[in-house]
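Text of the file work-v4.cif, holding mmCIF, C-alpha atoms:
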```
data_protein
loop_
_atom_site.label_atom_id
_atom_site.label_comp_id
_atom_site.auth_asym_id
_atom_site.auth_seq_id
_atom_site.Cartn_x
_atom_site.Cartn_y
_atom_site.Cartn_z
CA MET A 1 25.21 -2.36 18.51
CA THR A 2 22.21 -0.17 19.30
CA ALA A 3 18.80 -1.78 18.82
CA CYS A 4 16.03 0.13 17.11
CA VAL A 5 13.48 1.27 19.69
CA PRO A 6 9.72 1.06 18.96
CA LEU A 7 8.56 3.67 16.49
CA ARG A 8 6.80 6.71 17.90
CA GLU A 9 4.52 9.27 16.27
CA VAL A 10 6.12 12.54 15.14
CA VAL A 11 4.89 15.55 13.17
CA LEU A 12 7.07 17.57 10.80
CA ASP A 13 6.18 21.12 9.80
CA THR A 14 7.02 21.66 6.12
CA PRO A 15 6.01 24.12 3.37
CA TYR A 16 3.58 21.39 2.22
CA GLY A 17 2.03 21.49 5.68
CA ARG A 18 1.90 19.00 8.54
CA LEU A 19 3.63 15.76 7.60
CA THR A 20 3.16 12.79 9.92
CA ALA A 21 5.75 10.07 10.47
CA LEU A 22 6.94 7.25 12.72
CA ARG A 23 10.43 7.52 14.22
CA GLY A 24 12.73 5.30 16.23
CA GLY A 25 16.34 4.35 16.85
CA ASN A 26 19.68 6.16 16.95
CA GLY A 27 22.51 6.40 14.46
CA THR A 28 22.62 6.91 10.70
CA PRO A 29 19.71 9.14 9.55
CA VAL A 30 17.40 7.16 7.23
CA LEU A 31 14.21 8.39 5.57
CA ALA A 32 11.83 5.52 4.76
CA LEU A 33 9.36 6.00 1.89
CA HIS A 34 6.39 3.64 1.57
CA GLY A 35 4.59 2.35 -1.50
CA TRP A 36 1.48 3.57 -3.33
CA LEU A 37 -1.60 3.62 -1.07
CA ASP A 38 0.49 2.26 1.83
CA ASN A 39 1.65 4.39 4.76
CA ALA A 40 4.35 4.70 7.42
CA ALA A 41 3.18 1.46 9.08
CA SER A 42 4.81 -0.31 6.12
CA TRP A 43 8.08 -0.08 8.09
CA VAL A 44 6.83 -1.19 11.51
CA PRO A 45 7.67 -4.92 11.11
CA ILE A 46 11.24 -4.34 9.96
CA ALA A 47 12.07 -1.58 12.45
CA ALA A 48 12.68 -4.03 15.30
CA HIS A 49 15.33 -5.79 13.19
CA LEU A 50 17.30 -2.72 12.13
CA HIS A 51 20.18 -1.43 14.23
CA ASP A 52 22.23 1.75 14.55
CA ILE A 53 19.95 3.89 12.41
CA ASP A 54 17.61 6.80 13.15
CA LEU A 55 14.62 5.66 11.10
CA VAL A 56 11.96 8.19 10.09
CA ALA A 57 9.10 6.58 8.17
CA LEU A 58 7.01 9.25 6.45
CA ASP A 59 3.33 9.27 5.63
CA LEU A 60 3.69 10.74 2.14
CA PRO A 61 1.18 13.43 1.08
CA GLY A 62 -2.33 12.02 0.80
CA HIS A 63 -1.38 8.80 2.61
CA GLY A 64 -1.78 7.56 6.17
CA THR A 65 -2.44 10.44 8.55
CA SER A 66 -0.74 13.15 6.46
CA PRO A 67 -3.15 15.67 4.89
CA HIS A 68 -4.24 15.60 1.28
CA LEU A 69 -2.97 18.11 -1.25
CA PRO A 70 -5.23 21.16 -1.70
CA PRO A 71 -8.04 21.02 -4.28
CA GLY A 72 -6.66 21.55 -7.77
CA ALA A 73 -3.17 20.34 -6.88
CA GLU A 74 -1.68 17.34 -8.65
CA TYR A 75 0.19 14.43 -7.12
CA SER A 76 3.47 13.69 -8.86
CA ILE A 77 6.72 11.94 -8.06
CA ALA A 78 8.71 15.10 -8.79
CA GLY A 79 6.51 17.08 -6.40
CA THR A 80 6.87 14.42 -3.72
CA VAL A 81 10.67 14.61 -4.05
CA GLN A 82 10.45 18.24 -2.94
CA THR A 83 8.27 17.23 0.01
CA VAL A 84 10.78 14.58 1.08
CA LEU A 85 13.57 17.17 0.98
CA ASP A 86 11.38 19.51 3.03
CA ALA A 87 10.93 16.72 5.58
CA ALA A 88 14.70 16.22 5.77
CA ASP A 89 15.12 19.97 6.27
CA ALA A 90 12.56 19.89 9.10
CA LEU A 91 14.59 17.12 10.73
CA GLY A 92 17.79 19.15 10.36
CA TRP A 93 19.30 16.49 8.10
CA GLU A 94 21.66 17.92 5.50
CA ARG A 95 22.66 14.45 4.34
CA PHE A 96 20.75 11.22 4.86
CA ALA A 97 20.12 7.71 3.52
CA VAL A 98 16.91 6.62 1.81
CA LEU A 99 14.98 3.38 2.19
CA GLY A 100 12.16 3.00 -0.32
CA HIS A 101 9.56 0.40 -1.26
CA SER A 102 7.77 0.32 -4.63
CA MET A 103 6.52 3.89 -5.26
CA GLY A 104 8.80 4.99 -2.42
CA ALA A 105 11.76 3.41 -4.21
CA ALA A 106 10.77 5.24 -7.41
CA ILE A 107 10.67 8.52 -5.48
CA GLY A 108 14.00 7.64 -3.85
CA SER A 109 15.54 6.94 -7.27
CA ILE A 110 14.61 10.37 -8.57
CA LEU A 111 15.62 12.04 -5.31
CA ALA A 112 19.07 10.39 -5.36
CA ALA A 113 19.62 11.44 -8.98
CA ALA A 114 18.25 14.97 -8.57
CA ALA A 115 19.91 15.85 -5.24
CA PRO A 116 23.08 13.73 -5.00
CA GLU A 117 24.55 16.08 -2.41
CA ARG A 118 21.74 15.16 0.00
CA VAL A 119 21.52 11.34 -0.35
CA SER A 120 24.38 9.31 1.13
CA ARG A 121 23.02 5.80 0.42
CA PHE A 122 19.95 4.29 -1.18
CA PHE A 123 18.24 0.94 -0.51
CA ALA A 124 15.45 0.25 -3.00
CA ILE A 125 12.88 -2.54 -2.58
CA GLU A 126 10.83 -3.76 -5.53
CA ALA A 127 11.46 -0.75 -7.79
CA LEU A 128 14.27 1.22 -9.37
CA GLY A 129 13.24 4.33 -11.25
CA ALA A 130 9.62 5.14 -12.07
CA LEU A 131 7.18 3.19 -14.21
CA ALA A 132 7.74 4.19 -17.83
CA ASP A 133 5.51 4.37 -20.89
CA ARG A 134 5.97 4.59 -24.65
CA GLU A 135 5.97 7.92 -26.44
CA ASP A 136 3.06 6.82 -28.63
CA ARG A 137 0.94 6.36 -25.48
CA THR A 138 1.23 10.02 -24.41
CA ALA A 139 -2.09 11.33 -25.75
CA GLN A 140 -4.09 8.27 -24.70
CA ARG A 141 -2.67 8.39 -21.16
CA LEU A 142 -3.52 12.08 -20.85
CA ARG A 143 -7.08 11.47 -22.06
CA GLU A 144 -7.60 8.65 -19.59
CA SER A 145 -6.20 10.66 -16.70
CA VAL A 146 -8.23 13.80 -17.47
CA ALA A 147 -11.46 11.79 -17.84
CA ALA A 148 -10.84 9.93 -14.57
CA ARG A 149 -10.11 13.16 -12.70
CA ARG A 150 -13.30 14.83 -14.00
CA ALA A 151 -15.37 11.78 -13.02
CA LEU A 152 -13.95 11.60 -9.52
CA ALA A 153 -16.19 14.38 -8.17
CA GLY A 154 -19.29 12.24 -8.65
CA LYS A 155 -17.95 9.21 -6.81
CA SER A 156 -18.53 8.41 -3.15
CA LEU A 157 -16.10 6.63 -0.86
CA ARG A 158 -16.71 2.97 -0.09
CA VAL A 159 -17.77 2.56 3.53
CA PHE A 160 -16.70 -0.63 5.31
CA PRO A 161 -19.01 -1.56 8.22
CA GLU A 162 -16.01 -2.54 10.32
CA ARG A 163 -12.23 -2.43 9.91
CA ASP A 164 -12.03 -6.20 9.50
CA ALA A 165 -13.90 -5.86 6.19
CA ALA A 166 -11.31 -3.36 4.97
CA ILE A 167 -8.53 -5.67 6.14
CA ARG A 168 -10.01 -8.57 4.15
CA ALA A 169 -10.27 -6.33 1.07
CA ARG A 170 -6.63 -5.29 1.38
CA MET A 171 -5.50 -8.88 1.87
CA GLN A 172 -7.25 -9.92 -1.32
CA ALA A 173 -6.10 -6.94 -3.39
CA ASN A 174 -2.40 -7.20 -2.51
CA ASP A 175 -1.87 -10.84 -1.48
CA LEU A 176 -1.09 -9.80 2.10
CA SER A 177 -1.21 -11.79 5.31
CA GLU A 178 -3.73 -10.66 7.92
CA PRO A 179 -1.21 -9.06 10.34
CA VAL A 180 0.44 -7.07 7.53
CA ALA A 181 -2.88 -5.91 6.07
CA ARG A 182 -4.08 -4.93 9.56
CA LEU A 183 -1.05 -2.68 10.12
CA LEU A 184 -1.65 -0.81 6.87
CA VAL A 185 -5.42 -0.61 7.27
CA GLU A 186 -5.41 0.62 10.86
CA ARG A 187 -3.26 3.59 9.83
CA GLY A 188 -4.90 3.92 6.41
CA THR A 189 -8.58 4.24 7.36
CA ARG A 190 -10.69 6.77 9.21
CA GLU A 191 -13.99 6.41 11.02
CA VAL A 192 -17.18 7.91 9.51
CA ASP A 193 -20.90 7.44 10.08
CA GLY A 194 -21.64 3.82 9.29
CA GLY A 195 -18.09 2.49 9.45
CA TYR A 196 -14.67 3.22 7.97
CA VAL A 197 -13.29 4.66 4.73
CA TRP A 198 -9.78 4.79 3.28
CA SER A 199 -7.92 7.86 4.55
CA SER A 200 -5.80 8.14 1.39
CA ASP A 201 -6.70 10.82 -1.13
CA PRO A 202 -8.98 9.38 -3.87
CA ARG A 203 -6.99 11.41 -6.42
CA LEU A 204 -4.12 8.97 -5.86
CA THR A 205 -6.13 6.26 -7.63
CA ILE A 206 -6.10 8.19 -10.92
CA ALA A 207 -3.63 7.06 -13.57
CA THR A 208 -0.54 9.26 -13.85
CA ALA A 209 -1.14 11.84 -16.57
CA VAL A 210 2.42 11.83 -17.93
CA ARG A 211 5.08 9.18 -17.51
CA MET A 212 8.75 9.22 -18.43
CA THR A 213 10.01 7.16 -21.31
CA GLU A 214 12.27 4.20 -20.55
CA GLY A 215 15.23 6.20 -21.85
CA GLN A 216 14.54 9.02 -19.39
CA VAL A 217 14.24 6.58 -16.49
CA ARG A 218 17.55 4.94 -17.37
CA ASP A 219 19.27 8.31 -17.58
CA LEU A 220 18.09 9.07 -14.03
CA VAL A 221 19.24 5.67 -12.74
CA ALA A 222 22.63 6.18 -14.39
CA HIS A 223 22.99 9.43 -12.40
CA ILE A 224 22.41 7.91 -8.95
CA GLU A 225 25.90 8.54 -7.59
CA CYS A 226 25.59 7.10 -4.08
CA PRO A 227 26.08 3.43 -3.14
CA THR A 228 22.83 1.65 -3.96
CA ARG A 229 21.46 -1.78 -3.11
CA VAL A 230 18.32 -3.03 -4.85
CA LEU A 231 16.19 -5.83 -3.41
CA TYR A 232 13.86 -7.64 -5.79
CA ALA A 233 11.27 -10.26 -4.90
CA ASP A 234 11.19 -13.53 -6.81
CA PRO A 235 9.05 -14.01 -8.85
CA ALA A 236 9.12 -10.65 -10.63
CA PRO A 237 5.78 -8.84 -11.13
CA PRO A 238 4.36 -8.56 -14.67
CA TYR A 239 4.74 -4.76 -14.76
CA PHE A 240 8.46 -4.97 -13.87
CA PRO A 241 9.76 -8.15 -15.53
CA GLU A 242 13.09 -9.74 -14.67
CA ALA A 243 14.89 -8.57 -17.82
CA LEU A 244 13.86 -4.95 -17.32
CA ARG A 245 14.73 -4.77 -13.65
CA ARG A 246 18.16 -6.31 -14.30
CA GLU A 247 18.81 -3.88 -17.17
CA ARG A 248 17.96 -0.88 -14.99
CA ALA A 249 20.11 -2.10 -12.11
CA ALA A 250 23.04 -2.50 -14.51
CA MET A 251 22.87 1.27 -15.14
CA LEU A 252 23.77 2.04 -11.51
CA PRO A 253 27.33 3.40 -11.17
CA ARG A 254 27.70 1.95 -7.64
CA GLY A 255 24.90 -0.58 -7.38
CA GLU A 256 24.26 -4.18 -6.45
CA VAL A 257 21.21 -6.44 -6.65
CA VAL A 258 19.81 -8.88 -4.10
CA VAL A 259 16.97 -11.28 -5.01
CA ARG A 260 14.86 -12.93 -2.32
CA LYS A 261 11.91 -15.29 -2.60
CA GLY A 262 8.77 -13.44 -1.63
CA THR A 263 5.90 -11.19 -2.59
CA HIS A 264 5.76 -7.48 -3.37
CA HIS A 265 5.52 -6.60 0.35
CA LEU A 266 8.37 -8.90 1.36
CA HIS A 267 9.80 -6.25 3.71
CA MET A 268 6.64 -6.66 5.80
CA GLU A 269 6.08 -10.39 5.33
CA ASP A 270 9.75 -11.35 5.94
CA PRO A 271 11.15 -8.41 7.94
CA GLN A 272 13.98 -10.34 9.59
CA GLY A 273 15.23 -11.70 6.27
CA VAL A 274 15.06 -8.33 4.56
CA ALA A 275 16.82 -6.73 7.52
CA LEU A 276 19.71 -9.13 6.86
CA ASP A 277 19.86 -7.85 3.27
CA ILE A 278 19.97 -4.30 4.57
CA GLY A 279 22.60 -5.41 7.09
CA ALA A 280 25.29 -2.82 7.65
CA PHE A 281 24.59 -1.14 4.32
CA PHE A 282 23.42 2.14 5.83
CA ASN A 283 26.45 2.31 8.08
CA GLY A 284 28.89 2.05 5.19
CA ALA A 285 29.94 -1.61 5.47
#
```
Would you write the structure of this file as structure tokens?
Amino acid sequence: MTACVPLREVVLDTPYGRLTALRGGNGTPVLALHGWLDNAASWVPIAAHLHDIDLVALDLPGHGTSPHLPPGAEYSIAGTVQTVLDAADALGWERFAVLGHSMGAAIGSILAAAAPERVSRFFAIEALGALADREDRTAQRLRESVAARRALAGKSLRVFPERDAAIRARMQANDLSEPVARLLVERGTREVDGGYVWSSDPRLTIATAVRMTEGQVRDLVAHIECPTRVLYADPAPPYFPEALRRERAAMLPRGEVVVRKGTHHLHMEDPQGVALDIGAFFNGA
């Protein structure tokens, strides 16, 4: 068994532009996709416990040290799917496995359904499919998103006098331990006059303008053809209740569910345990 070596910085040239990532290990090619407002450091704790895989953890557009989208461009899951495929092309990977957490698992769900010829296996943590909304919320969601986007130009970034202040803020916001928050914050902030600011694109904080309906999400999940394992934390979060996440998982043609006690970032807080759940999954066992 080949141990995963420490992750190293890499840069991928894609049509989107320069995409930064962390890479380590040898074996099955695996693209790791982090959650909303996280970054590639999300996968640092678990990397030491994974074996026989070539892990490439991306900084998705507008996150970590990857550049922001150009002015006027819109962030979307569908658009990010194209960027992930561009990253795989830059790596020379015709076929690869996907490891996703939260937003990254939502992106991975759509990627696996939209490009089944590219995705060999899919391990989803704390999400399956995208967040959905009701049809009768369409106009209200659009209004809220447009208003928030127009107001963004007049807002200034919060400046933390030192990184430790940003770490404390992230711990409180996401119920994270100090070491986990530090990993994300050190990669997710940049130095400015007077201290540090978040490096993520402020446009990412705006509510999604259009969401799929639950029926559309389930149709996508039902078309994920590759073997899929879904890991859910217990207790379930309010926005993705137990009944809903079980119903979605039941739509998978070749899926299975694992439930582990923990918080939303359980892959960082309990990396050894989660690595056991991943086990030999990516190598076909």
Choose the residue, out of A:Met212, A:Ala113, A:Ile46, A:Ala124, that has the smallest atom-to-atom separation from A:Leu33; count only C-alpha atoms.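 For A:Leu33, the nearest of the candidates is A:Ala124.
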Using only C-alpha atoms, find each residue of stretch 114-203 of chain A with at least one atom at most 6 Å away from an atom of stretch 80-104 of chain A; report its shortest atom-to-atom pair and that distance in Å (one decimal), sort the rows by chain and rising residue number, and return the result as a Markdown table.
```
| residue | atom | partner | partner_atom | distance |
| --- | --- | --- | --- | --- |
| A:Arg118 | CA | A:Arg95 | CA | 4.5 |
| A:Val119 | CA | A:Phe96 | CA | 5.3 |
| A:Ser120 | CA | A:Ala97 | CA | 5.1 |
| A:Arg121 | CA | A:Ala97 | CA | 4.7 |
| A:Phe122 | CA | A:Val98 | CA | 4.9 |
| A:Phe123 | CA | A:Leu99 | CA | 4.9 |
| A:Ala124 | CA | A:Gly100 | CA | 5.1 |
| A:Ile125 | CA | A:His101 | CA | 4.6 |
| A:Glu126 | CA | A:Ser102 | CA | 5.2 |
| A:Ala127 | CA | A:Ser102 | CA | 5.0 |
```
- request: Would you write out, as a list in words, every residue that the PyMOL selection byres ((chain A and resi 52) around 6) captures in this file?
  value: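 Residues picked by the PyMOL selection byres ((chain A and resi 52) around 6): Thr2, Asn26, Gly27, His51 and Ile53 of chain A.
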Practice item. I need the residue set behind the PyMOL selection byres ((chain A and resi 281) around 10) for this file; please write it as an MDAnalysis selection string. Key: chainID A and resid 97 121:123 227:229 276:280 282:285
Name the residues in contact with stretch 140-156 of chain A at a cut-off of 6 Å, using only C-alpha atoms, excluding same-chain residues fewer than 2 positions from it; report them as a PyMOL selection string. chain A and resi 137-138+207+209
Practice problem: Find, counting all atoms listed in the file, the residue in A:Pro61, A:Gly17, A:Gly24, A:Pro271 that gets nearest to A:Ser199. | Solution: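 The shortest atom-to-atom distance to A:Ser199 comes from A:Pro61.
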